[in-house]
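Okay, model-v1.cif now, which holds mmCIF, C-alpha atoms and all ligand atoms:
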```cif
data_query
loop_
_atom_site.label_atom_id
_atom_site.label_comp_id
_atom_site.auth_asym_id
_atom_site.auth_seq_id
_atom_site.Cartn_x
_atom_site.Cartn_y
_atom_site.Cartn_z
CA MET A 1 1.34 -18.98 -20.32
CA ASN A 2 0.06 -17.60 -23.58
CA SER A 3 2.75 -16.33 -25.85
CA LEU A 4 2.45 -13.05 -27.65
CA PRO A 5 4.84 -11.39 -30.08
CA ASP A 6 7.80 -9.71 -28.39
CA ILE A 7 6.50 -6.33 -29.42
CA ALA A 8 3.72 -6.61 -26.84
CA THR A 9 4.22 -4.31 -23.90
CA ASP A 10 4.06 -5.61 -20.36
CA LEU A 11 0.65 -3.95 -20.10
CA GLU A 12 -0.61 -5.80 -23.19
CA ARG A 13 0.88 -9.06 -21.98
CA ALA A 14 -0.78 -8.76 -18.58
CA ALA A 15 -4.09 -7.81 -20.20
CA ALA A 16 -3.87 -10.86 -22.47
CA GLU A 17 -3.28 -13.13 -19.48
CA LEU A 18 -6.25 -11.65 -17.63
CA GLN A 19 -8.35 -12.00 -20.76
CA GLY A 20 -7.26 -15.58 -21.44
CA ARG A 21 -7.87 -16.99 -17.98
CA GLU A 22 -11.13 -17.55 -16.14
CA ARG A 23 -10.47 -17.92 -12.42
CA PHE A 24 -8.52 -15.52 -10.25
CA LEU A 25 -7.63 -14.84 -6.67
CA LEU A 26 -6.57 -11.24 -6.10
CA THR A 27 -4.55 -10.09 -3.13
CA ALA A 28 -2.58 -7.08 -1.91
CA HIS A 29 0.16 -6.41 0.62
CA GLU A 30 -0.26 -6.90 4.35
CA GLY A 31 -1.02 -3.79 6.35
CA PRO A 32 -2.92 -2.59 3.27
CA ASP A 33 -3.06 1.10 2.35
CA GLY A 34 -5.49 2.93 0.10
CA ASP A 35 -3.69 1.89 -3.06
CA ALA A 36 -3.58 -1.78 -2.09
CA LEU A 37 -7.29 -1.84 -1.23
CA GLY A 38 -8.44 0.39 -4.09
CA SER A 39 -6.50 -1.65 -6.65
CA LEU A 40 -7.80 -4.90 -5.17
CA LEU A 41 -11.42 -3.81 -5.29
CA GLY A 42 -11.08 -2.04 -8.65
CA LEU A 43 -9.53 -4.98 -10.48
CA HIS A 44 -12.00 -7.38 -8.84
CA LYS A 45 -14.91 -5.38 -10.21
CA VAL A 46 -13.30 -5.12 -13.66
CA LEU A 47 -12.79 -8.90 -13.85
CA ALA A 48 -16.30 -9.59 -12.59
CA GLN A 49 -17.70 -7.29 -15.27
CA LEU A 50 -15.76 -9.26 -17.89
CA GLY A 51 -17.50 -12.42 -16.69
CA LYS A 52 -14.47 -13.80 -14.85
CA ASP A 53 -14.59 -15.71 -11.58
CA SER A 54 -12.61 -13.43 -9.25
CA VAL A 55 -12.24 -13.59 -5.50
CA MET A 56 -10.34 -11.19 -3.26
CA PHE A 57 -8.17 -12.43 -0.40
CA MET A 58 -6.73 -10.62 2.62
CA ALA A 59 -5.62 -12.32 5.84
CA ALA A 60 -8.15 -12.10 8.69
CA LYS A 61 -5.57 -10.25 10.84
CA GLU A 62 -5.94 -7.16 8.60
CA PHE A 63 -9.51 -6.66 9.78
CA PRO A 64 -10.93 -4.40 10.99
CA LEU A 65 -9.21 -2.18 8.45
CA PRO A 66 -7.90 1.28 9.37
CA ILE A 67 -10.95 3.47 9.93
CA GLU A 68 -10.35 5.60 6.84
CA TYR A 69 -10.72 2.58 4.55
CA ARG A 70 -13.75 0.95 6.15
CA PHE A 71 -16.16 2.61 3.74
CA LEU A 72 -14.76 0.53 0.88
CA PRO A 73 -17.17 -2.31 0.05
CA LEU A 74 -14.84 -5.20 0.88
CA GLU A 75 -17.35 -7.51 2.58
CA GLU A 76 -16.68 -10.23 0.01
CA VAL A 77 -13.00 -10.56 0.84
CA PHE A 78 -11.96 -14.16 1.58
CA HIS A 79 -9.78 -14.97 4.58
CA GLU A 80 -9.26 -18.61 3.63
CA PRO A 81 -8.38 -20.30 0.33
CA PRO A 82 -11.38 -21.12 -1.86
CA ALA A 83 -12.01 -24.83 -2.51
CA ASP A 84 -10.84 -24.53 -6.13
CA MET A 85 -7.64 -22.68 -5.26
CA ALA A 86 -5.52 -24.98 -7.42
CA ASP A 87 -7.32 -23.73 -10.54
CA ARG A 88 -6.85 -20.02 -9.86
CA THR A 89 -4.31 -17.53 -11.12
CA VAL A 90 -3.08 -15.33 -8.29
CA VAL A 91 -2.83 -11.60 -8.93
CA PHE A 92 -0.60 -9.70 -6.51
CA LEU A 93 -1.35 -5.98 -6.36
CA ASP A 94 0.98 -3.29 -4.99
CA CYS A 95 3.47 -5.87 -3.64
CA GLY A 96 7.16 -5.11 -4.16
CA ASN A 97 8.06 -8.65 -3.17
CA ILE A 98 6.22 -11.88 -2.56
CA ASP A 99 6.89 -11.76 1.20
CA ARG A 100 4.50 -8.83 1.48
CA VAL A 101 1.79 -11.49 1.44
CA PRO A 102 3.11 -13.88 4.09
CA VAL A 103 0.60 -16.64 3.40
CA GLU A 104 2.12 -19.99 2.60
CA TRP A 105 -0.64 -21.46 0.44
CA LEU A 106 -0.40 -18.40 -1.79
CA THR A 107 3.33 -18.25 -2.19
CA ASP A 108 4.36 -21.91 -2.29
CA GLY A 109 4.54 -22.04 -6.08
CA GLY A 110 1.29 -23.91 -6.58
CA ASN A 111 -0.36 -21.18 -8.67
CA ASP A 112 0.60 -18.98 -11.61
CA ILE A 113 1.22 -15.44 -10.47
CA ILE A 114 0.52 -12.11 -12.15
CA ASN A 115 2.43 -9.33 -10.40
CA ILE A 116 1.00 -5.83 -10.87
CA ASP A 117 2.93 -3.11 -9.06
CA HIS A 118 4.77 0.22 -9.19
CA HIS A 119 7.56 -0.23 -6.58
CA HIS A 120 11.01 0.48 -8.03
CA ASP A 121 12.51 -2.41 -6.10
CA ASN A 122 9.92 -4.98 -7.21
CA THR A 123 11.61 -8.38 -7.36
CA ARG A 124 9.59 -9.48 -10.42
CA PHE A 125 8.43 -12.62 -8.62
CA GLY A 126 5.49 -13.29 -10.94
CA ASP A 127 5.09 -15.52 -13.97
CA VAL A 128 3.81 -12.33 -15.57
CA ASN A 129 5.21 -9.06 -14.27
CA LEU A 130 3.55 -5.73 -14.91
CA VAL A 131 5.79 -3.38 -12.96
CA GLU A 132 5.36 0.25 -14.01
CA VAL A 133 7.81 2.22 -11.88
CA GLY A 134 6.65 5.48 -13.41
CA ALA A 135 3.05 4.94 -12.33
CA SER A 136 1.98 7.02 -9.32
CA CYS A 137 0.13 4.06 -7.87
CA THR A 138 -0.98 0.54 -8.68
CA ALA A 139 -4.54 1.82 -9.15
CA GLU A 140 -3.33 3.88 -12.12
CA ILE A 141 -1.98 0.68 -13.74
CA VAL A 142 -5.24 -1.13 -13.02
CA TYR A 143 -7.07 1.72 -14.76
CA ASP A 144 -4.86 1.39 -17.86
CA LEU A 145 -5.46 -2.39 -17.81
CA ALA A 146 -9.22 -1.90 -17.50
CA LEU A 147 -9.25 0.33 -20.58
CA LEU A 148 -7.18 -2.18 -22.55
CA LEU A 149 -9.57 -4.95 -21.50
CA GLY A 150 -12.50 -2.92 -22.75
CA ALA A 151 -14.13 -2.65 -19.35
CA LYS A 152 -16.66 0.07 -18.67
CA ILE A 153 -15.44 2.23 -15.79
CA THR A 154 -18.46 2.16 -13.49
CA PRO A 155 -18.80 4.58 -10.55
CA GLU A 156 -17.83 1.70 -8.22
CA ILE A 157 -14.64 0.92 -10.14
CA ALA A 158 -13.78 4.61 -10.47
CA SER A 159 -14.32 5.25 -6.75
CA ALA A 160 -12.10 2.34 -5.74
CA LEU A 161 -9.25 3.35 -8.05
CA TYR A 162 -9.53 7.00 -7.04
CA VAL A 163 -8.79 6.02 -3.43
CA GLY A 164 -5.50 4.53 -4.63
CA LEU A 165 -4.65 7.70 -6.53
CA ILE A 166 -5.46 10.09 -3.71
CA THR A 167 -3.66 8.18 -0.97
CA ASP A 168 -0.48 7.19 -2.85
CA THR A 169 0.06 10.69 -4.26
CA GLY A 170 -0.58 12.55 -0.99
CA LYS A 171 -3.67 14.15 -2.53
CA PHE A 172 -1.81 14.77 -5.81
CA MET A 173 1.13 16.53 -4.15
CA TYR A 174 4.00 14.00 -4.01
CA GLU A 175 6.69 13.82 -6.68
CA ASN A 176 5.06 10.73 -8.21
CA THR A 177 2.17 12.95 -9.34
CA ASN A 178 2.28 13.90 -13.00
CA ALA A 179 -0.02 14.93 -15.81
CA HIS A 180 -1.05 11.34 -16.50
CA THR A 181 -2.07 10.94 -12.85
CA HIS A 182 -4.31 13.97 -13.16
CA ARG A 183 -5.74 12.75 -16.48
CA VAL A 184 -6.62 9.40 -14.91
CA ALA A 185 -8.18 11.27 -11.98
CA ALA A 186 -10.21 13.39 -14.39
CA ASP A 187 -11.43 10.25 -16.20
CA LEU A 188 -12.40 8.66 -12.89
CA ILE A 189 -14.31 11.79 -11.85
CA ASP A 190 -16.09 11.72 -15.21
CA ALA A 191 -16.95 8.09 -14.49
CA GLY A 192 -18.72 9.01 -11.28
CA VAL A 193 -16.33 9.61 -8.36
CA ASN A 194 -17.77 11.87 -5.68
CA VAL A 195 -14.61 13.85 -4.88
CA ASP A 196 -15.82 15.65 -1.76
CA ASP A 197 -17.40 12.54 -0.28
CA THR A 198 -14.25 10.49 -0.89
CA TYR A 199 -12.09 13.19 0.71
CA ARG A 200 -14.28 13.40 3.79
CA ARG A 201 -14.46 9.62 4.21
CA LEU A 202 -10.69 9.29 3.93
CA TYR A 203 -9.63 12.30 5.97
CA GLU A 204 -12.47 13.70 8.02
CA HIS A 205 -13.86 10.75 9.90
CA VAL A 206 -11.07 10.93 12.45
CA PRO A 207 -11.89 9.47 15.89
CA ILE A 208 -10.86 11.70 18.79
CA GLU A 209 -8.71 8.84 20.13
CA LYS A 210 -6.55 9.14 17.05
CA LEU A 211 -5.88 12.83 17.63
CA ARG A 212 -5.03 12.09 21.26
CA LEU A 213 -2.53 9.47 20.08
CA VAL A 214 -1.08 11.89 17.51
CA SER A 215 -0.75 14.50 20.25
CA ARG A 216 1.30 12.13 22.43
CA ALA A 217 3.37 11.05 19.45
CA LEU A 218 4.19 14.65 18.50
CA ASP A 219 5.02 15.44 22.10
CA GLY A 220 7.54 12.61 22.12
CA ILE A 221 9.44 13.46 18.92
CA SER A 222 13.17 13.07 19.27
CA SER A 223 15.73 14.44 16.87
CA TYR A 224 19.08 13.03 15.66
CA CYS A 225 21.76 13.76 13.06
CA ASP A 226 21.52 17.54 13.60
CA GLY A 227 17.78 17.45 13.08
CA LYS A 228 17.95 15.55 9.79
CA LEU A 229 16.34 12.47 11.39
CA VAL A 230 13.25 12.76 13.58
CA VAL A 231 11.74 9.80 15.36
CA SER A 232 8.52 9.18 17.20
CA TYR A 233 7.94 6.03 19.19
CA ILE A 234 4.41 4.86 19.94
CA THR A 235 4.31 2.29 22.69
CA THR A 236 1.66 -0.07 23.94
CA ALA A 237 1.24 2.35 26.86
CA ASP A 238 0.29 5.13 24.42
CA TYR A 239 -2.51 3.01 22.97
CA GLU A 240 -3.75 2.21 26.46
CA ALA A 241 -3.65 5.82 27.65
CA THR A 242 -5.53 7.19 24.62
CA GLY A 243 -7.86 4.34 23.81
CA ALA A 244 -6.52 4.46 20.25
CA ALA A 245 -5.96 1.34 18.17
CA GLU A 246 -2.70 0.53 16.43
CA GLU A 247 -4.08 1.31 12.97
CA MET A 248 -4.76 4.90 14.08
CA THR A 249 -1.12 5.81 13.48
CA GLU A 250 -1.85 6.05 9.73
CA GLY A 251 -0.77 9.46 8.40
CA LEU A 252 1.02 10.55 11.59
CA ILE A 253 4.38 10.36 9.86
CA ASP A 254 3.47 13.19 7.47
CA ASN A 255 3.58 15.57 10.46
CA LEU A 256 7.14 14.50 11.22
CA ARG A 257 8.27 14.78 7.62
CA SER A 258 6.97 18.34 7.43
CA ILE A 259 9.39 19.62 10.10
CA GLU A 260 11.91 22.08 8.73
CA GLY A 261 15.34 20.60 8.04
CA VAL A 262 14.17 17.00 8.30
CA LYS A 263 15.52 14.55 5.73
CA VAL A 264 14.06 11.37 7.18
CA ALA A 265 11.05 10.87 9.42
CA ALA A 266 10.57 7.61 11.29
CA VAL A 267 7.59 6.35 13.25
CA ILE A 268 8.27 3.30 15.38
CA ARG A 269 5.30 1.55 16.87
CA ASP A 270 4.75 -1.44 19.10
CA LEU A 271 2.62 -4.08 17.41
CA GLY A 272 1.55 -5.94 20.53
CA ASP A 273 0.06 -9.29 19.58
CA ARG A 274 -1.03 -8.02 16.15
CA GLY A 275 2.23 -8.58 14.33
CA ARG A 276 4.83 -11.25 13.73
CA SER A 277 7.45 -8.83 15.04
CA ALA A 278 7.58 -6.66 18.14
CA ARG A 279 7.43 -3.35 16.28
CA LYS A 280 7.02 -1.75 12.93
CA VAL A 281 9.06 1.11 11.52
CA SER A 282 7.67 3.50 8.89
CA LEU A 283 10.11 5.73 7.04
CA ARG A 284 9.66 8.82 4.88
CA SER A 285 12.27 10.80 3.03
CA SER A 286 11.38 14.47 2.61
CA ALA A 287 13.69 15.91 -0.03
CA GLY A 288 14.45 12.55 -1.65
CA ASP A 289 18.21 12.68 -1.00
CA VAL A 290 17.91 9.66 1.28
CA ASP A 291 16.56 6.41 -0.20
CA VAL A 292 14.57 4.98 2.71
CA SER A 293 13.71 1.79 0.80
CA ALA A 294 17.42 0.86 1.01
CA ILE A 295 17.30 1.34 4.79
CA ALA A 296 14.16 -0.80 5.02
CA ARG A 297 15.67 -3.57 2.92
CA VAL A 298 18.56 -4.01 5.38
CA ASN A 299 15.90 -5.27 7.79
CA GLY A 300 13.87 -7.33 5.34
CA GLY A 301 11.40 -4.58 4.48
CA GLY A 302 10.97 -2.50 1.36
CA GLY A 303 9.00 0.24 -0.33
CA HIS A 304 9.63 3.35 -2.35
CA LYS A 305 12.64 5.69 -2.21
CA ARG A 306 10.58 8.23 -0.27
CA ALA A 307 8.26 5.88 1.64
CA ALA A 308 9.24 2.52 3.07
CA GLY A 309 8.94 0.34 6.13
CA PHE A 310 10.05 -2.78 7.93
CA SER A 311 9.18 -4.95 10.92
CA THR A 312 11.71 -5.69 13.61
CA ASP A 313 12.35 -7.07 17.09
CA LEU A 314 15.08 -4.48 17.80
CA GLU A 315 14.57 -2.30 20.87
CA PHE A 316 14.06 1.45 20.50
CA GLU A 317 17.67 2.44 21.38
CA GLN A 318 19.15 -0.05 18.90
CA LEU A 319 16.71 1.04 16.24
CA VAL A 320 17.61 4.71 16.61
CA GLU A 321 21.29 3.85 16.46
CA PHE A 322 20.70 1.85 13.29
CA LEU A 323 18.58 4.56 11.65
CA ALA A 324 20.99 7.36 12.51
CA GLY A 325 23.89 5.33 11.08
CA GLU A 326 22.03 4.62 7.83
CA VAL A 327 20.87 8.21 7.39
CA SER A 328 24.36 9.61 8.04
CA ALA A 329 25.86 7.12 5.61
CA GLN A 330 23.60 8.31 2.80
CA LEU A 331 24.05 12.05 3.33
CA PRO A 332 27.15 13.93 2.19
CA ALA A 333 29.35 14.86 5.17
MN MN B 401 1.09 1.78 -4.03
#
```
If you convert what's in this file into structure tokens, what do you get?
Amino acid sequence: MNSLPDIATDLERAAAELQGRERFLLTAHEGPDGDALGSLLGLHKVLAQLGKDSVMFMAAKEFPLPIEYRFLPLEEVFHEPPADMADRTVVFLDCGNIDRVPVEWLTDGGNDIINIDHHHDNTRFGDVNLVEVGASCTAEIVYDLALLLGAKITPEIASALYVGLITDTGKFMYENTNAHTHRVAADLIDAGVNVDDTYRRLYEHVPIEKLRLVSRALDGISSYCDGKLVVSYITTADYEATGAAEEMTEGLIDNLRSIEGVKVAAVIRDLGDRGRSARKVSLRSSAGDVDVSAIARVNGGGGHKRAAGFSTDLEFEQLVEFLAGEVSAQLPA
């Protein structure tokens, strides 16, 4: 690794490493969200503009992507290692820990790793770690990096990063939203983002099957801990009855979190043959007095204090018992 004076910030250090190297493979966490994909595409375009050899990688199982993200131009994403993998620096984006990319040839120690992320529980697994916990999203960090690298923010770069901003901040409404977030958004809009078009592509191309699935999920909400924990369980039968695909559960949890008196919302869903585990659990904390990332970590997952998740083979009843116990333990009696 290049050495810089100690006064260099993590941002400067990461920028210097990106500047000093030529070949990269960029990747983002499994089950990618808007921030993972926007950061991946945005940094890829920045590096390409700087004359670097950059490839993007996501496992084949992630495709097709959730419908809301299919408009992103990600046709060039690799699903296998490139022939010259040994010569590439791996950049992990939006990954709190290295297990969020469960791909052995990427994580076996054969490549230098640059870790760019904003999760508070990031394990700093990289050779270079740029972990900005105060950043609203990884895309915001990528934007700061792009400026430092002297890249021109093209409409394509701006549009990709804007997707990360919008989705990770709940359309600029979550507590991670601050003045800097809005300033970055303003810069991106100046650089050519079509705000209305992005909004409609993300939120208004909803297939009717998804609403039918949401309807069943809302119908089946169950409540625990005096209404402080609400849970919805989406089974394989729900997918079959509605014709919806598993990725159509994206965003459903926000409905649960919005219920009055709720501290923690949980959506449990069967993965069928799509996952390594039987089901996946998404968690959201509404008021922030429960740290759901701590609950997720008990089961090998992770995330943010207000948004986290984990995969599990536990059955529904055991899961509810576990969640209720964890939520009660964190709330004052
Ligand atoms: Mn993120």
Within 7 Å of file point (3.2, -10.0, -10.5), counting all atoms listed in the file, expressed as a PDB file with C-alpha atoms, keeping the file's coordinate frame:
```
ATOM      1  CA  VAL A  91      -2.830 -11.600  -8.930  1.00  0.00           C
ATOM      2  CA  PHE A  92      -0.600  -9.700  -6.510  1.00  0.00           C
ATOM      3  CA  ILE A 113       1.220 -15.440 -10.470  1.00  0.00           C
ATOM      4  CA  ILE A 114       0.520 -12.110 -12.150  1.00  0.00           C
ATOM      5  CA  ASN A 115       2.430  -9.330 -10.400  1.00  0.00           C
ATOM      6  CA  ILE A 116       1.000  -5.830 -10.870  1.00  0.00           C
ATOM      7  CA  ARG A 124       9.590  -9.480 -10.420  1.00  0.00           C
ATOM      8  CA  PHE A 125       8.430 -12.620  -8.620  1.00  0.00           C
ATOM      9  CA  GLY A 126       5.490 -13.290 -10.940  1.00  0.00           C
ATOM     10  CA  ASP A 127       5.090 -15.520 -13.970  1.00  0.00           C
ATOM     11  CA  VAL A 128       3.810 -12.330 -15.570  1.00  0.00           C
ATOM     12  CA  ASN A 129       5.210  -9.060 -14.270  1.00  0.00           C
ATOM     13  CA  LEU A 130       3.550  -5.730 -14.910  1.00  0.00           C
TER      14      LEU A 130
END
```
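Across A:Ala8, A:Ser159, A:Ile141, A:Val292, the tightest approach to ligand MN 401 (chain B) is made by A:Ile141 when counting all atoms listed in the file.
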Within 12 Å of range 293-305 of chain A, counting all atoms listed in the file, which residues show up once you throw out same-chain ones fewer than 3 positions away? Write them as a PyMOL selection string, please.
chain A and resi 29-30+94-100+117-123+133-134+136-137+168+175-176+264+266+277+280-290+308-314+319+322-330
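When CA of Val320 in chain A is paired with CA of Leu271 in chain A, their separation reads 17.4 Å.
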Judged by all atoms listed in the file, the minimum distance to Arg276 in chain A among A:Gly38, A:Pro102, A:Pro64, A:Pro81 is found for A:Pro102
Env of Ala15 in chain A: 10 Å cut, atoms = all atoms listed in the file, seq-sep filter 2 positions within chain, self excluded. Answer as a list of chain:residue names.
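So the residues in contact are A:Thr9, A:Asp10, A:Leu11, A:Glu12, A:Arg13, A:Glu17, A:Leu18, A:Gln19, A:Gly20, A:Leu130, A:Val142, A:Asp144, A:Leu145, A:Ala146, A:Leu147, A:Leu148, A:Leu149.
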Keeping only C-alpha atoms, write the selected residues as a compact mmCIF listing (two decimals), in the frame of the given file.
```txt
# COMPACT_ATOMS: atom_id res chain seq x y z
CA THR A 9 4.22 -4.31 -23.90
CA ASP A 10 4.06 -5.61 -20.36
CA LEU A 11 0.65 -3.95 -20.10
CA GLU A 12 -0.61 -5.80 -23.19
CA ARG A 13 0.88 -9.06 -21.98
CA GLU A 17 -3.28 -13.13 -19.48
CA LEU A 18 -6.25 -11.65 -17.63
CA GLN A 19 -8.35 -12.00 -20.76
CA GLY A 20 -7.26 -15.58 -21.44
CA LEU A 130 3.55 -5.73 -14.91
CA VAL A 142 -5.24 -1.13 -13.02
CA ASP A 144 -4.86 1.39 -17.86
CA LEU A 145 -5.46 -2.39 -17.81
CA ALA A 146 -9.22 -1.90 -17.50
CA LEU A 147 -9.25 0.33 -20.58
CA LEU A 148 -7.18 -2.18 -22.55
CA LEU A 149 -9.57 -4.95 -21.50
```
Name all residues at most 10 Å from Pro207 in chain A (count all atoms listed in the file; drop same-chain ones fewer than 3 positions away) and give them as a PyMOL selection string.
chain A and resi 67-68+204+210-212+244+248
Spatial neighbours of Leu106 in chain A, 12 Å, all atoms listed in the file, chain gap at least 3 places, as a PyMOL selection string
chain A and resi 25-28+57-59+79-82+85-86+88-92+98-103+109-113
What does the file look like for those residues with C-alpha atoms, as a CSV table (one decimal), in the coordinates of the input?
```csv
chain,number,residue,atom,x,y,z
A,25,LEU,CA,-7.6,-14.8,-6.7
A,26,LEU,CA,-6.6,-11.2,-6.1
A,27,THR,CA,-4.6,-10.1,-3.1
A,28,ALA,CA,-2.6,-7.1,-1.9
A,57,PHE,CA,-8.2,-12.4,-0.4
A,58,MET,CA,-6.7,-10.6,2.6
A,59,ALA,CA,-5.6,-12.3,5.8
A,79,HIS,CA,-9.8,-15.0,4.6
A,80,GLU,CA,-9.3,-18.6,3.6
A,81,PRO,CA,-8.4,-20.3,0.3
A,82,PRO,CA,-11.4,-21.1,-1.9
A,85,MET,CA,-7.6,-22.7,-5.3
A,86,ALA,CA,-5.5,-25.0,-7.4
A,88,ARG,CA,-6.8,-20.0,-9.9
A,89,THR,CA,-4.3,-17.5,-11.1
A,90,VAL,CA,-3.1,-15.3,-8.3
A,91,VAL,CA,-2.8,-11.6,-8.9
A,92,PHE,CA,-0.6,-9.7,-6.5
A,98,ILE,CA,6.2,-11.9,-2.6
A,99,ASP,CA,6.9,-11.8,1.2
A,100,ARG,CA,4.5,-8.8,1.5
A,101,VAL,CA,1.8,-11.5,1.4
A,102,PRO,CA,3.1,-13.9,4.1
A,103,VAL,CA,0.6,-16.6,3.4
A,109,GLY,CA,4.5,-22.0,-6.1
A,110,GLY,CA,1.3,-23.9,-6.6
A,111,ASN,CA,-0.4,-21.2,-8.7
A,112,ASP,CA,0.6,-19.0,-11.6
A,113,ILE,CA,1.2,-15.4,-10.5
```
Looking at A:Val77, A:Ala245, A:Leu93, A:Ala186, which one is nearest to ligand MN 401 (chain B), with distances taken over all atoms listed in the file?
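Closest to ligand MN 401 (chain B), using all atoms listed in the file: A:Leu93.
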With only C-alpha atoms as the counted atoms, please give the residues lying no more than 9 Å from Leu188 in chain A, apart from itself and same-chain residues fewer than 2 positions off, as a tab-separated table (two decimals) with C-alpha atoms, keeping the file's coordinate frame.
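Ended up saving to around02.tsv:
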```
chain	number	residue	atom	x	y	z
A	143	TYR	CA	-7.07	1.72	-14.76
A	153	ILE	CA	-15.44	2.23	-15.79
A	154	THR	CA	-18.46	2.16	-13.49
A	155	PRO	CA	-18.80	4.58	-10.55
A	157	ILE	CA	-14.64	0.92	-10.14
A	158	ALA	CA	-13.78	4.61	-10.47
A	159	SER	CA	-14.32	5.25	-6.75
A	161	LEU	CA	-9.25	3.35	-8.05
A	162	TYR	CA	-9.53	7.00	-7.04
A	183	ARG	CA	-5.74	12.75	-16.48
A	184	VAL	CA	-6.62	9.40	-14.91
A	185	ALA	CA	-8.18	11.27	-11.98
A	186	ALA	CA	-10.21	13.39	-14.39
A	190	ASP	CA	-16.09	11.72	-15.21
A	191	ALA	CA	-16.95	8.09	-14.49
A	192	GLY	CA	-18.72	9.01	-11.28
A	193	VAL	CA	-16.33	9.61	-8.36
```
State, in Å with one decimal place, the distance from CA of Ser215 in chain A to CA of Pro66 in chain A.
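One can read the CA of Ser215 in chain A to CA of Pro66 in chain A distance as 18.6 Å.
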Looking at all atoms listed in the file, which of A:Asp219, A:Asp33, A:Glu315, A:Asp108 is the one that sits closest to Asp238 in chain A?
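When distances to Asp238 in chain A are compared using all atoms listed in the file, the smallest one comes from A:Asp219.
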Length of the CA of Val262 in chain A to CA of Gly31 in chain A vector [Å]
25.8 Å
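Each of A:Ser54, A:Asn178, A:Thr249, A:Thr169 was compared to ligand MN 401 (chain B) using all atoms listed in the file, and A:Thr169 turns out to be the nearest.
With all atoms listed in the file as the basis for measurement, A:Ala139 is the residue among A:Ala160, A:Ala139, A:Leu74, A:Met173 that approaches ligand MN 401 (chain B) most closely.
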Output requested as a short mmCIF file (atom, residue, chain, number, x, y, z; two decimals), in the coordinates of the input - range 283-294 of chain A, filled out with N, CA and C atoms.
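Produced file out.cif, reproduced below:
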```
data_model
loop_
_atom_site.label_atom_id
_atom_site.label_comp_id
_atom_site.auth_asym_id
_atom_site.auth_seq_id
_atom_site.Cartn_x
_atom_site.Cartn_y
_atom_site.Cartn_z
N LEU A 283 9.09 4.75 7.40
CA LEU A 283 10.11 5.73 7.04
C LEU A 283 9.64 6.61 5.90
N ARG A 284 9.94 7.91 5.99
CA ARG A 284 9.66 8.82 4.88
C ARG A 284 10.87 9.69 4.65
N SER A 285 11.19 9.90 3.39
CA SER A 285 12.27 10.80 3.03
C SER A 285 11.63 12.07 2.50
N SER A 286 12.05 13.23 3.01
CA SER A 286 11.38 14.47 2.61
C SER A 286 11.89 14.99 1.28
N ALA A 287 13.17 15.30 1.19
CA ALA A 287 13.69 15.91 -0.03
C ALA A 287 14.08 14.86 -1.08
N GLY A 288 14.11 13.59 -0.69
CA GLY A 288 14.45 12.55 -1.65
C GLY A 288 15.94 12.28 -1.74
N ASP A 289 16.77 12.97 -0.92
CA ASP A 289 18.21 12.68 -1.00
C ASP A 289 18.61 11.48 -0.13
N VAL A 290 17.67 10.93 0.61
CA VAL A 290 17.91 9.66 1.28
C VAL A 290 16.90 8.65 0.73
N ASP A 291 17.42 7.48 0.32
CA ASP A 291 16.56 6.41 -0.20
C ASP A 291 16.16 5.53 0.98
N VAL A 292 14.96 5.74 1.51
CA VAL A 292 14.57 4.98 2.71
C VAL A 292 14.24 3.52 2.40
N SER A 293 13.97 3.20 1.13
CA SER A 293 13.71 1.79 0.80
C SER A 293 14.98 0.96 1.02
N ALA A 294 16.15 1.57 0.78
CA ALA A 294 17.42 0.86 1.01
C ALA A 294 17.60 0.58 2.50
#
```
